[in-house]
Amino acid sequence: MKSLAPILVTYNSSVVIDACLQSLRGHPVVVVDNASSDDTCQRVREYPNARLIANASNRGFASAVNQAVCASDADAFLLLNPDAELLTELDTALPLLERYGLVTGRLLDDEGVDQRGFGIRRFPTAMSMVFEVLGLNKLWPSNPINARYRYLDRDLHKSGEVEQPAGAFLYFRRDVWSKLGGFDEDFAPIWFEDVDFCVRASEAGYPAWYESTLQAKHRGGHSILPLVASSRITYWYVSLLRYAAKHFRPVSFRGVCVAVILGAPPRLILDTFREGSLTPLKAYWKTIRFATLCLLTPSLARPALVFGGASRIRG
């Protein structure tokens with residue numbers, strides 16, 4: 001393992017990109033911008049160590065990651081969110097990458113507190129998804145299902161194998177990426193592509209390693225802030241159902257569909273009250289309709305219908 005390159009995917013990241021790139025000075029960085037409307041690209045061009053690929057349209061997170069890997073000849077990569085700052089030396093992870101296909105470290109907030117429940121998680125199960133979409137994890141965060149899913153029982157100061165590192169701070173080897181066929185671009189434009197990648201890596205014999213001495217500061221939420229609320233709702237539910245269709249058995253998938261149908265109305269009421277408008281109504285109606293169609297015909301969760309021609313969720 002000789003070379004390790006950071007890769008960033010940006011979308012209207014002007015406010016945060018400078019701190020991120022400054023933490024990566026001295027290393028060749030590949031930045032793929034998904035058609036930002038702010039001055040993100042201009043800021044990236046100010047850094048001589050950064051190579052910018054400016055997409056004319058938003059191709060989605062997974063597609064942009066694959067672009068970045070193809071544009072570099074490095075042996076391994078650090079996928080880092082633009083609202084994150086690397087706090088440890090980049091090449092520290094190289095010896096670990098010799099043994100493990102995926103590596104991650106501690107994600108800290110601005111106060112230096114671990115982002116527990118986000119940085120590392122176990123793979124989603126049908127039950128953990130049901131608890132999530134029904135809002136039970138919000139009402140009872142310490143419930144056993146959520147505690148297990150979010151590794152609330154883990155000492156984050158101890159290193160060891162983990163199931164799912166967050167894509168906000170993820171080292172991975174090129175050969176693993178190649179063997180898996182890259183990130184699945186059907187998870188477009190965002191959500192669950194990193195989970196899917198980690199699951200497939202584990203199934204291929206490449207477990208992930210959590211190293212507590214590797215650290216990054218992470219603001220969090222930046223990638224979704226530019227999205228209007230209705231888009232965030234639709235993207236999250238569709239990607240969740242896409243993941244469930246791909247990785248769960250039919251009975252479990254249908255259980256998740258039912259949970260989405262039952263959980264969407266209370267979330268609609270809460271979001272409507274929070275925003276003081278009926279703006280979320282259309283997004284939740286699309287969600288309920290799509291989940292109902294998937295319940296009746298699971299094959300509708302196939303990517304060509306979910307994303308490619310998307311008329312089933314956009315009409």
# chains A, B, ... in the order shown; residues from 1 in each chain; ligands from 1
$ residues_around --residues "Val30 (chain A)" --least-positions-apart "4" --cutoff "12 Å" --atoms "only C-alpha atoms" --output "PyMOL selection string"
chain A and resi 4-10+21+24+44-45+47-54+64-74+77-80+82
$ write_last_selection --atoms "N, CA and C atoms" --output "compact mmCIF listing (two decimals), in the first residue's frame"
# COMPACT_ATOMS: atom_id res chain seq x y z
N LEU A 4 -2.29 7.12 -0.68
CA LEU A 4 -3.61 7.34 -0.12
C LEU A 4 -4.05 8.75 -0.48
N ALA A 5 -5.20 8.88 -1.13
CA ALA A 5 -5.67 10.19 -1.60
C ALA A 5 -7.02 10.52 -1.00
N PRO A 6 -7.20 11.74 -0.51
CA PRO A 6 -8.52 12.18 -0.04
C PRO A 6 -9.42 12.49 -1.23
N ILE A 7 -10.70 12.16 -1.11
CA ILE A 7 -11.68 12.54 -2.12
C ILE A 7 -12.87 13.21 -1.43
N LEU A 8 -13.37 14.27 -2.04
CA LEU A 8 -14.49 15.03 -1.49
C LEU A 8 -15.58 15.15 -2.54
N VAL A 9 -16.82 15.10 -2.10
CA VAL A 9 -17.96 15.38 -2.96
C VAL A 9 -18.63 16.63 -2.41
N THR A 10 -18.74 17.65 -3.25
CA THR A 10 -19.28 18.92 -2.79
C THR A 10 -20.60 19.25 -3.49
N LEU A 21 -10.31 21.65 3.19
CA LEU A 21 -9.13 21.59 2.32
C LEU A 21 -7.86 22.01 3.06
N LEU A 24 -6.20 19.24 4.70
CA LEU A 24 -5.63 18.25 3.78
C LEU A 24 -4.46 18.82 2.97
N VAL A 44 -12.38 25.98 -4.41
CA VAL A 44 -11.55 24.78 -4.58
C VAL A 44 -10.37 25.08 -5.50
N ARG A 45 -10.61 25.88 -6.52
CA ARG A 45 -9.54 26.20 -7.48
C ARG A 45 -8.40 27.00 -6.85
N TYR A 47 -6.80 26.12 -4.29
CA TYR A 47 -5.89 25.18 -3.63
C TYR A 47 -5.14 24.38 -4.69
N PRO A 48 -3.83 24.58 -4.78
CA PRO A 48 -3.05 23.91 -5.83
C PRO A 48 -3.01 22.39 -5.69
N ASN A 49 -3.26 21.88 -4.51
CA ASN A 49 -3.22 20.42 -4.31
C ASN A 49 -4.57 19.76 -4.64
N ALA A 50 -5.57 20.57 -5.01
CA ALA A 50 -6.90 20.03 -5.27
C ALA A 50 -7.18 19.96 -6.76
N ARG A 51 -7.61 18.80 -7.21
CA ARG A 51 -8.06 18.63 -8.59
C ARG A 51 -9.58 18.67 -8.60
N LEU A 52 -10.16 19.58 -9.35
CA LEU A 52 -11.61 19.76 -9.37
C LEU A 52 -12.23 19.12 -10.60
N ILE A 53 -13.27 18.34 -10.37
CA ILE A 53 -14.14 17.84 -11.43
C ILE A 53 -15.50 18.47 -11.20
N ALA A 54 -15.89 19.38 -12.08
CA ALA A 54 -17.14 20.13 -11.91
C ALA A 54 -18.22 19.53 -12.81
N ALA A 64 -20.50 10.49 -7.84
CA ALA A 64 -19.38 11.41 -7.68
C ALA A 64 -18.18 10.72 -7.02
N VAL A 65 -18.45 9.85 -6.05
CA VAL A 65 -17.35 9.10 -5.43
C VAL A 65 -16.66 8.22 -6.47
N ASN A 66 -17.43 7.54 -7.27
CA ASN A 66 -16.85 6.70 -8.31
C ASN A 66 -16.04 7.52 -9.31
N GLN A 67 -16.52 8.70 -9.65
CA GLN A 67 -15.77 9.60 -10.52
C GLN A 67 -14.41 9.92 -9.92
N ALA A 68 -14.42 10.25 -8.64
CA ALA A 68 -13.18 10.65 -7.97
C ALA A 68 -12.17 9.51 -7.97
N VAL A 69 -12.62 8.30 -7.68
CA VAL A 69 -11.71 7.15 -7.66
C VAL A 69 -11.12 6.93 -9.05
N CYS A 70 -11.95 7.02 -10.07
CA CYS A 70 -11.48 6.81 -11.44
C CYS A 70 -10.49 7.89 -11.88
N ALA A 71 -10.59 9.07 -11.27
CA ALA A 71 -9.72 10.18 -11.66
C ALA A 71 -8.37 10.15 -10.95
N SER A 72 -8.19 9.21 -10.02
CA SER A 72 -6.95 9.12 -9.24
C SER A 72 -6.28 7.77 -9.48
N ASP A 73 -4.96 7.74 -9.31
CA ASP A 73 -4.24 6.46 -9.42
C ASP A 73 -3.78 5.97 -8.05
N ALA A 74 -4.36 6.50 -6.98
CA ALA A 74 -3.97 6.11 -5.62
C ALA A 74 -4.39 4.67 -5.33
N PHE A 77 -8.13 5.41 -0.51
CA PHE A 77 -8.78 6.71 -0.50
C PHE A 77 -9.35 7.03 0.88
N LEU A 78 -9.41 8.31 1.17
CA LEU A 78 -10.16 8.80 2.32
C LEU A 78 -11.35 9.57 1.79
N LEU A 79 -12.54 9.03 1.98
CA LEU A 79 -13.77 9.74 1.63
C LEU A 79 -14.15 10.60 2.82
N LEU A 80 -14.10 11.90 2.61
CA LEU A 80 -14.32 12.84 3.71
C LEU A 80 -15.39 13.85 3.31
N PRO A 82 -17.22 17.38 3.03
CA PRO A 82 -16.66 18.74 2.96
C PRO A 82 -16.86 19.55 4.23
$ residues_around --residues "region 166-172 of chain A" --least-positions-apart "3" --cutoff "7 Å" --atoms "only C-alpha atoms" --output "list in words"
Ala76, Phe77, Leu78, Leu79, Leu80, Asn81, Gly101, Leu102, Val103, Thr104, Phe118, Gly119, Ile120 and Asp194 of chain A
$ write_last_selection --atoms "C-alpha atoms" --output "mmCIF file, in the first residue's frame"
data_model
loop_
_atom_site.group_PDB
_atom_site.id
_atom_site.type_symbol
_atom_site.label_atom_id
_atom_site.label_comp_id
_atom_site.auth_asym_id
_atom_site.auth_seq_id
_atom_site.Cartn_x
_atom_site.Cartn_y
_atom_site.Cartn_z
ATOM 1 C CA ALA A 76 -6.475 3.822 -1.270
ATOM 2 C CA PHE A 77 -8.780 6.714 -0.501
ATOM 3 C CA LEU A 78 -10.162 8.795 2.322
ATOM 4 C CA LEU A 79 -13.771 9.735 1.632
ATOM 5 C CA LEU A 80 -14.317 12.843 3.709
ATOM 6 C CA ASN A 81 -17.333 15.116 3.932
ATOM 7 C CA GLY A 101 -10.475 -3.086 3.285
ATOM 8 C CA LEU A 102 -12.310 -0.311 5.143
ATOM 9 C CA VAL A 103 -11.092 1.852 8.013
ATOM 10 C CA THR A 104 -12.641 4.690 9.997
ATOM 11 C CA PHE A 118 -23.556 8.476 13.696
ATOM 12 C CA GLY A 119 -19.859 7.764 13.171
ATOM 13 C CA ILE A 120 -20.269 4.002 13.377
ATOM 14 C CA ASP A 194 -22.333 4.129 2.119
#
$ residues_around --residues "Leu136 (chain A)" --least-positions-apart "5" --cutoff "10 Å" --atoms "only C-alpha atoms" --output "ChimeraX atom specification"
/A:128,130-131,141-143,145-146,263
$ residues_around --residues "Leu262 (chain A)" --least-positions-apart "6" --cutoff "10 Å" --atoms "only C-alpha atoms" --output "VMD selection string"
chain A and resid 130 133 to 134 256 288
$ select_by_dssp --residues "region 33-194 of chain A" --states "alpha helix (DSSP H)" --output "ChimeraX atom specification"
/A:40-44,61-70,94-99,126-133,136-139,144-149,174-180,193-194
$ residues_around --residues "Thr213 (chain A)" --least-positions-apart "5" --cutoff "12 Å" --atoms "only C-alpha atoms" --output "PyMOL selection string"
chain A and resi 86-90+92-93+96+103-108+156-160
$ write_last_selection --atoms "N, CA and C atoms" --output "short mmCIF file (atom, residue, chain, number, x, y, z; two decimals), in the first residue's frame"
data_model
loop_
_atom_site.label_atom_id
_atom_site.label_comp_id
_atom_site.auth_asym_id
_atom_site.auth_seq_id
_atom_site.Cartn_x
_atom_site.Cartn_y
_atom_site.Cartn_z
N LEU A 86 -9.85 16.83 8.84
CA LEU A 86 -9.00 15.74 9.31
C LEU A 86 -8.10 16.26 10.41
N LEU A 87 -8.08 15.57 11.56
CA LEU A 87 -7.29 16.01 12.71
C LEU A 87 -6.02 15.21 12.90
N THR A 88 -5.87 14.10 12.19
CA THR A 88 -4.69 13.27 12.31
C THR A 88 -4.00 13.15 10.95
N GLU A 89 -2.76 12.70 10.95
CA GLU A 89 -2.01 12.60 9.70
C GLU A 89 -2.68 11.59 8.76
N LEU A 90 -2.78 11.96 7.51
CA LEU A 90 -3.49 11.14 6.53
C LEU A 90 -2.92 9.74 6.44
N THR A 92 -1.43 7.87 8.40
CA THR A 92 -1.49 7.00 9.58
C THR A 92 -2.35 5.78 9.32
N ALA A 93 -3.32 5.91 8.44
CA ALA A 93 -4.25 4.80 8.18
C ALA A 93 -3.68 3.75 7.23
N LEU A 96 -3.12 0.15 8.52
CA LEU A 96 -4.40 -0.50 8.80
C LEU A 96 -5.07 -0.96 7.51
N VAL A 103 -11.58 1.35 6.73
CA VAL A 103 -11.09 1.85 8.01
C VAL A 103 -11.81 3.16 8.31
N THR A 104 -12.07 3.41 9.58
CA THR A 104 -12.64 4.69 10.00
C THR A 104 -12.07 5.07 11.35
N GLY A 105 -12.49 6.22 11.85
CA GLY A 105 -12.01 6.70 13.14
C GLY A 105 -13.09 7.47 13.87
N ARG A 106 -12.68 8.25 14.84
CA ARG A 106 -13.64 8.99 15.66
C ARG A 106 -14.07 10.28 14.97
N LEU A 107 -15.37 10.48 14.88
CA LEU A 107 -15.93 11.73 14.39
C LEU A 107 -16.33 12.57 15.60
N LEU A 108 -15.78 13.77 15.66
CA LEU A 108 -16.00 14.66 16.80
C LEU A 108 -16.74 15.91 16.36
N LEU A 156 -16.11 4.15 22.57
CA LEU A 156 -15.52 4.73 21.36
C LEU A 156 -14.03 5.04 21.51
N HIS A 157 -13.48 4.82 22.68
CA HIS A 157 -12.04 5.01 22.86
C HIS A 157 -11.26 3.72 22.58
N LYS A 158 -11.99 2.63 22.31
CA LYS A 158 -11.35 1.35 22.04
C LYS A 158 -11.49 1.01 20.56
N SER A 159 -10.40 0.60 19.96
CA SER A 159 -10.40 0.24 18.54
C SER A 159 -10.90 -1.20 18.37
N GLY A 160 -11.37 -1.50 17.17
CA GLY A 160 -11.84 -2.84 16.88
C GLY A 160 -12.67 -2.86 15.61
#
$ select_by_dssp --residues "region 139-174 of chain A" --states "strand (DSSP E)" --output "list in words"
Gly160, Glu161, Val162, Gln164, Pro165, Phe169, Leu170, Tyr171, Phe172 and Arg173 of chain A
$ write_last_selection --atoms "N, CA and C atoms" --output "mmCIF file, in the first residue's frame"
data_model
loop_
_atom_site.group_PDB
_atom_site.id
_atom_site.type_symbol
_atom_site.label_atom_id
_atom_site.label_comp_id
_atom_site.auth_asym_id
_atom_site.auth_seq_id
_atom_site.Cartn_x
_atom_site.Cartn_y
_atom_site.Cartn_z
ATOM 1 N N GLY A 160 -11.369 -1.497 17.172
ATOM 2 C CA GLY A 160 -11.836 -2.842 16.878
ATOM 3 C C GLY A 160 -12.671 -2.864 15.614
ATOM 4 N N GLU A 161 -13.097 -4.057 15.223
ATOM 5 C CA GLU A 161 -13.916 -4.175 14.030
ATOM 6 C C GLU A 161 -15.301 -3.571 14.260
ATOM 7 N N VAL A 162 -15.848 -2.983 13.192
ATOM 8 C CA VAL A 162 -17.189 -2.426 13.222
ATOM 9 C C VAL A 162 -17.907 -2.867 11.948
ATOM 10 N N GLN A 164 -20.542 -0.757 10.126
ATOM 11 C CA GLN A 164 -20.791 0.298 9.146
ATOM 12 C C GLN A 164 -20.213 1.650 9.568
ATOM 13 N N PRO A 165 -19.043 2.011 9.035
ATOM 14 C CA PRO A 165 -18.547 3.369 9.224
ATOM 15 C C PRO A 165 -19.361 4.340 8.364
ATOM 16 N N PHE A 169 -16.467 9.821 6.838
ATOM 17 C CA PHE A 169 -15.083 9.628 7.253
ATOM 18 C C PHE A 169 -14.730 8.161 7.037
ATOM 19 N N LEU A 170 -14.432 7.812 5.795
ATOM 20 C CA LEU A 170 -14.272 6.412 5.429
ATOM 21 C C LEU A 170 -13.047 6.223 4.543
ATOM 22 N N TYR A 171 -12.091 5.443 5.037
ATOM 23 C CA TYR A 171 -10.945 5.025 4.238
ATOM 24 C C TYR A 171 -11.301 3.704 3.556
ATOM 25 N N PHE A 172 -10.911 3.543 2.304
ATOM 26 C CA PHE A 172 -11.126 2.265 1.632
ATOM 27 C C PHE A 172 -10.070 2.039 0.565
ATOM 28 N N ARG A 173 -9.792 0.769 0.294
ATOM 29 C CA ARG A 173 -8.784 0.400 -0.696
ATOM 30 C C ARG A 173 -9.381 0.367 -2.094
#
$ residues_around --residues "Ser36 (chain A)" --least-positions-apart "2" --cutoff "8 Å" --atoms "only C-alpha atoms" --output "list in words"
Thr10, Tyr11, Asn12, Ser13, Asp33, Asn34, Asp38, Asp39, Thr40 and Cys41 of chain A
$ write_last_selection --atoms "N, CA, C and O atoms" --output "mmCIF file, in the first residue's frame"
data_model
loop_
_atom_site.group_PDB
_atom_site.id
_atom_site.type_symbol
_atom_site.label_atom_id
_atom_site.label_comp_id
_atom_site.auth_asym_id
_atom_site.auth_seq_id
_atom_site.Cartn_x
_atom_site.Cartn_y
_atom_site.Cartn_z
ATOM 1 N N THR A 10 -18.736 17.650 -3.247
ATOM 2 C CA THR A 10 -19.284 18.921 -2.787
ATOM 3 C C THR A 10 -20.596 19.253 -3.489
ATOM 4 O O THR A 10 -20.818 18.878 -4.639
ATOM 5 N N TYR A 11 -21.424 19.973 -2.761
ATOM 6 C CA TYR A 11 -22.671 20.506 -3.310
ATOM 7 C C TYR A 11 -23.043 21.726 -2.484
ATOM 8 O O TYR A 11 -23.445 21.606 -1.334
ATOM 9 N N ASN A 12 -22.811 22.895 -3.061
ATOM 10 C CA ASN A 12 -23.039 24.155 -2.341
ATOM 11 C C ASN A 12 -22.315 24.135 -0.994
ATOM 12 O O ASN A 12 -22.905 24.378 0.057
ATOM 13 N N SER A 13 -21.025 23.847 -1.059
ATOM 14 C CA SER A 13 -20.205 23.657 0.145
ATOM 15 C C SER A 13 -19.290 24.833 0.439
ATOM 16 O O SER A 13 -18.305 24.697 1.171
ATOM 17 N N ASP A 33 -17.559 18.149 -7.751
ATOM 18 C CA ASP A 33 -18.654 19.057 -7.388
ATOM 19 C C ASP A 33 -19.895 18.708 -8.201
ATOM 20 O O ASP A 33 -19.850 18.610 -9.424
ATOM 21 N N ASN A 34 -21.011 18.553 -7.498
ATOM 22 C CA ASN A 34 -22.267 18.171 -8.142
ATOM 23 C C ASN A 34 -23.125 19.391 -8.467
ATOM 24 O O ASN A 34 -24.216 19.585 -7.933
ATOM 25 N N ASP A 38 -23.321 27.942 -5.695
ATOM 26 C CA ASP A 38 -22.563 28.968 -4.986
ATOM 27 C C ASP A 38 -21.136 29.005 -5.538
ATOM 28 O O ASP A 38 -20.880 28.542 -6.636
ATOM 29 N N ASP A 39 -20.195 29.553 -4.770
ATOM 30 C CA ASP A 39 -18.821 29.694 -5.277
ATOM 31 C C ASP A 39 -17.897 28.579 -4.787
ATOM 32 O O ASP A 39 -16.695 28.789 -4.643
ATOM 33 N N THR A 40 -18.450 27.382 -4.553
ATOM 34 C CA THR A 40 -17.634 26.253 -4.113
ATOM 35 C C THR A 40 -16.487 25.988 -5.085
ATOM 36 O O THR A 40 -15.323 25.821 -4.670
ATOM 37 N N CYS A 41 -16.776 25.937 -6.363
ATOM 38 C CA CYS A 41 -15.745 25.607 -7.352
ATOM 39 C C CYS A 41 -14.629 26.644 -7.370
ATOM 40 O O CYS A 41 -13.439 26.296 -7.468
#
$ closest_residue --among "A:Met129, A:Ala291, A:Val16, A:Ala62" --to "Phe197 (chain A)" --atoms "only C-alpha atoms"
A:Ala62
$ atom_distance --atom1 "CA of Arg59 (chain A)" --atom2 "CA of Ala204 (chain A)"
26.8 Å
$ residues_around --residues "Thr279 (chain A)" --least-positions-apart "4" --cutoff "9 Å" --atoms "only C-alpha atoms" --output "PDB file with N, CA, C and O atoms, in the first residue's frame"
ATOM      1  N   ALA A 229     -37.007  20.858   1.935  1.00  0.00           N
ATOM      2  CA  ALA A 229     -37.496  19.839   2.863  1.00  0.00           C
ATOM      3  C   ALA A 229     -38.212  18.708   2.149  1.00  0.00           C
ATOM      4  O   ALA A 229     -38.042  17.533   2.490  1.00  0.00           O
ATOM      5  N   SER A 230     -39.009  19.032   1.140  1.00  0.00           N
ATOM      6  CA  SER A 230     -39.759  17.985   0.441  1.00  0.00           C
ATOM      7  C   SER A 230     -38.828  17.001  -0.260  1.00  0.00           C
ATOM      8  O   SER A 230     -39.078  15.797  -0.286  1.00  0.00           O
ATOM      9  N   ASP A 271     -44.025  17.634  10.978  1.00  0.00           N
ATOM     10  CA  ASP A 271     -43.295  18.536  10.084  1.00  0.00           C
ATOM     11  C   ASP A 271     -44.154  19.718   9.662  1.00  0.00           C
ATOM     12  O   ASP A 271     -43.654  20.839   9.509  1.00  0.00           O
ATOM     13  N   THR A 272     -45.455  19.498   9.470  1.00  0.00           N
ATOM     14  CA  THR A 272     -46.361  20.587   9.112  1.00  0.00           C
ATOM     15  C   THR A 272     -46.447  21.599  10.246  1.00  0.00           C
ATOM     16  O   THR A 272     -46.402  22.816  10.029  1.00  0.00           O
ATOM     17  N   GLU A 275     -43.011  23.514  10.427  1.00  0.00           N
ATOM     18  CA  GLU A 275     -42.779  24.481   9.363  1.00  0.00           C
ATOM     19  C   GLU A 275     -43.895  25.510   9.237  1.00  0.00           C
ATOM     20  O   GLU A 275     -43.730  26.543   8.588  1.00  0.00           O
ATOM     21  N   ALA A 283     -44.723  15.626  -0.358  1.00  0.00           N
ATOM     22  CA  ALA A 283     -43.625  14.662  -0.221  1.00  0.00           C
ATOM     23  C   ALA A 283     -44.086  13.415   0.528  1.00  0.00           C
ATOM     24  O   ALA A 283     -43.749  12.284   0.147  1.00  0.00           O
TER      25      ALA A 283
END
